[in-house]
Amino acid sequence: MPAIRRELPDGSLFDWSVMTRALAAEHPWWPPGERHGYHAVTFGWLVGEVLRRATGRTVRELVQDLGIAGLSVGLIGNGPVRDVLPPEPHGPLPRMPATGLTVKAFANPAEQLTPGLPNTARWRAAEIPAANVHAHARALATLYGELLTWPKLAEMIEPRSAGHDEVLGSETRFGLGFMLANPTRPFSPNPRAFGHSGSGGALAFADPDEGFAFAFTPSRTLLTPAGPDPRWPALVEPLYRR
């Protein structure tokens, strides 16, 4: 369920009930279990609505319950926040498959493509769990560090889907809710490392075999070809030379 087929009206991106109802009315893009594809934004509503119905609390509230300073879904309170600067191109721009699925995953609702969207008050006030978590690097590293002690860690990072990604058109791997190091985003040499790369070069992951967590939250974003952000190696490689 990486995308919604029908064109969504303006304002949908910021309306939880509109998005969850649209997903409930949607049907799968392929038979479950036969293929896999990156759920760029729908993931937050799909999992978030299950959590809300199971616990009676929103994702924003559940994240707040973690008590990690500097981590929230949307921007809570009047804490300092840096604007995301306009992206700079770095190398040829990614050539993503121009299929209906890919376009709809990243551009339906169309508001996802609004220039400067992350710097707007509306975005910062919204609850879009797959896209508008606000955090500094220390907060994300703290979160992933705590996950290293989770009793269900081995089950969580067991590969559940791998191979050709129907949305990205490249090779990806995923466990339960986390990206695993993969050919498209080789953020770690360890295949058991889990986390996620973010738009424009952000990165957060943990390596259970090495026992560390890492996060990088740049305000200057880069438009890069498929593959790692060019800033990652200088930050990540020294961790594996300890």
# chains A, B, ... in the order shown; residues from 1 in each chain; ligands from 1

$ closest_atom_pairs --of "segment 28-82 of chain A" --to "segment 158-174 of chain A" --cutoff "9 Å" --atoms "only C-alpha atoms" --output "JSON lines"
{"residue": "A:Gly33", "atom": "CA", "partner": "A:Ser161", "partner_atom": "CA", "distance": 8.4}
{"residue": "A:Arg35", "atom": "CA", "partner": "A:Glu166", "partner_atom": "CA", "distance": 7.4}
{"residue": "A:His36", "atom": "CA", "partner": "A:Asp165", "partner_atom": "CA", "distance": 5.7}
{"residue": "A:Gly37", "atom": "CA", "partner": "A:Asp165", "partner_atom": "CA", "distance": 4.6}
{"residue": "A:Tyr38", "atom": "CA", "partner": "A:Val167", "partner_atom": "CA", "distance": 5.6}
{"residue": "A:His39", "atom": "CA", "partner": "A:Val167", "partner_atom": "CA", "distance": 8.0}
{"residue": "A:Ala40", "atom": "CA", "partner": "A:Val167", "partner_atom": "CA", "distance": 8.9}

$ select_by_dssp --residues "segment 29-108 of chain A" --states "helix (DSSP H, G or I)" --output "PyMOL selection string"
chain A and resi 42-55+59-65+100-107

$ write_last_selection --atoms "N, CA, C and O atoms" --output "tab-separated table (two decimals), in the first residue's frame"
chain	number	residue	atom	x	y	z
A	42	THR	N	2.97	6.69	3.18
A	42	THR	CA	1.81	5.94	3.67
A	42	THR	C	2.13	5.10	4.90
A	42	THR	O	1.24	4.80	5.71
A	43	PHE	N	3.38	4.72	5.07
A	43	PHE	CA	3.76	3.87	6.19
A	43	PHE	C	3.33	4.46	7.53
A	43	PHE	O	2.85	3.76	8.43
A	44	GLY	N	3.50	5.76	7.69
A	44	GLY	CA	3.17	6.41	8.95
A	44	GLY	C	1.70	6.34	9.28
A	44	GLY	O	1.33	6.16	10.46
A	45	TRP	N	0.84	6.48	8.29
A	45	TRP	CA	-0.59	6.41	8.54
A	45	TRP	C	-1.05	4.96	8.74
A	45	TRP	O	-1.89	4.69	9.59
A	46	LEU	N	-0.49	4.05	7.96
A	46	LEU	CA	-0.88	2.64	8.09
A	46	LEU	C	-0.56	2.11	9.49
A	46	LEU	O	-1.41	1.51	10.16
A	47	VAL	N	0.67	2.31	9.94
A	47	VAL	CA	1.07	1.83	11.26
A	47	VAL	C	0.47	2.71	12.35
A	47	VAL	O	0.02	2.23	13.39
A	48	GLY	N	0.46	4.01	12.11
A	48	GLY	CA	-0.03	4.93	13.11
A	48	GLY	C	-1.49	4.72	13.47
A	48	GLY	O	-1.88	4.83	14.64
A	49	GLU	N	-2.31	4.40	12.49
A	49	GLU	CA	-3.74	4.18	12.78
A	49	GLU	C	-3.95	2.89	13.56
A	49	GLU	O	-4.80	2.81	14.44
A	50	VAL	N	-3.14	1.86	13.24
A	50	VAL	CA	-3.22	0.63	14.03
A	50	VAL	C	-2.83	0.91	15.48
A	50	VAL	O	-3.49	0.45	16.42
A	51	LEU	N	-1.76	1.68	15.68
A	51	LEU	CA	-1.34	2.03	17.03
A	51	LEU	C	-2.42	2.83	17.76
A	51	LEU	O	-2.68	2.61	18.95
A	52	ARG	N	-3.04	3.78	17.05
A	52	ARG	CA	-4.07	4.61	17.67
A	52	ARG	C	-5.24	3.76	18.13
A	52	ARG	O	-5.76	3.93	19.24
A	53	ARG	N	-5.65	2.81	17.28
A	53	ARG	CA	-6.80	1.98	17.65
A	53	ARG	C	-6.45	0.99	18.76
A	53	ARG	O	-7.30	0.63	19.58
A	54	ALA	N	-5.19	0.53	18.77
A	54	ALA	CA	-4.78	-0.45	19.77
A	54	ALA	C	-4.52	0.18	21.14
A	54	ALA	O	-4.78	-0.44	22.18
A	55	THR	N	-4.01	1.43	21.14
A	55	THR	CA	-3.58	2.04	22.41
A	55	THR	C	-4.44	3.23	22.82
A	55	THR	O	-4.37	3.65	23.98
A	59	VAL	N	0.55	8.57	17.40
A	59	VAL	CA	1.99	8.37	17.30
A	59	VAL	C	2.73	9.50	17.99
A	59	VAL	O	3.74	9.28	18.68
A	60	ARG	N	2.25	10.72	17.83
A	60	ARG	CA	2.89	11.86	18.49
A	60	ARG	C	2.94	11.65	20.00
A	60	ARG	O	3.98	11.88	20.63
A	61	GLU	N	1.83	11.19	20.58
A	61	GLU	CA	1.79	10.97	22.02
A	61	GLU	C	2.70	9.82	22.43
A	61	GLU	O	3.39	9.89	23.47
A	62	LEU	N	2.74	8.77	21.64
A	62	LEU	CA	3.58	7.62	21.97
A	62	LEU	C	5.06	7.99	21.91
A	62	LEU	O	5.86	7.54	22.74
A	63	VAL	N	5.43	8.81	20.92
A	63	VAL	CA	6.82	9.26	20.83
A	63	VAL	C	7.17	10.14	22.03
A	63	VAL	O	8.26	10.04	22.61
A	64	GLN	N	6.26	11.00	22.41
A	64	GLN	CA	6.49	11.84	23.59
A	64	GLN	C	6.68	10.99	24.84
A	64	GLN	O	7.47	11.33	25.73
A	65	ASP	N	5.97	9.88	24.91
A	65	ASP	CA	6.09	8.99	26.06
A	65	ASP	C	7.50	8.41	26.21
A	65	ASP	O	7.89	7.99	27.30
A	100	GLY	N	3.14	5.12	-12.67
A	100	GLY	CA	2.06	5.67	-11.88
A	100	GLY	C	2.27	5.44	-10.40
A	100	GLY	O	1.99	6.31	-9.58
A	101	LEU	N	2.77	4.26	-10.04
A	101	LEU	CA	2.99	3.95	-8.63
A	101	LEU	C	4.03	4.88	-8.01
A	101	LEU	O	3.80	5.46	-6.93
A	102	THR	N	5.16	5.06	-8.66
A	102	THR	CA	6.22	5.90	-8.11
A	102	THR	C	5.77	7.35	-7.97
A	102	THR	O	5.98	7.98	-6.93
A	103	VAL	N	5.14	7.87	-8.99
A	103	VAL	CA	4.68	9.26	-8.96
A	103	VAL	C	3.67	9.44	-7.84
A	103	VAL	O	3.75	10.40	-7.06
A	104	LYS	N	2.74	8.52	-7.71
A	104	LYS	CA	1.71	8.66	-6.68
A	104	LYS	C	2.28	8.48	-5.28
A	104	LYS	O	1.81	9.10	-4.32
A	105	ALA	N	3.31	7.66	-5.13
A	105	ALA	CA	3.91	7.46	-3.81
A	105	ALA	C	4.57	8.74	-3.30
A	105	ALA	O	4.55	9.01	-2.09
A	106	PHE	N	5.13	9.53	-4.20
A	106	PHE	CA	5.86	10.72	-3.80
A	106	PHE	C	5.11	12.03	-4.08
A	106	PHE	O	5.54	13.09	-3.63
A	107	ALA	N	4.00	11.96	-4.82
A	107	ALA	CA	3.34	13.20	-5.21
A	107	ALA	C	1.83	13.16	-5.08
A	107	ALA	O	1.13	13.94	-5.71

$ atom_distance --atom1 "atom CA of Arg57 of chain A" --atom2 "atom CA of Glu127 of chain A"
12.7 Å

$ closest_residue --among "A:Trp232, A:Thr217, A:Asn190, A:Val41" --to "Pro109 of chain A" --atoms "only C-alpha atoms"
A:Val41

$ residues_around --residues "Glu210 of chain A" --least-positions-apart "3" --cutoff "12 Å" --atoms "only C-alpha atoms" --output "count of residues only"
17
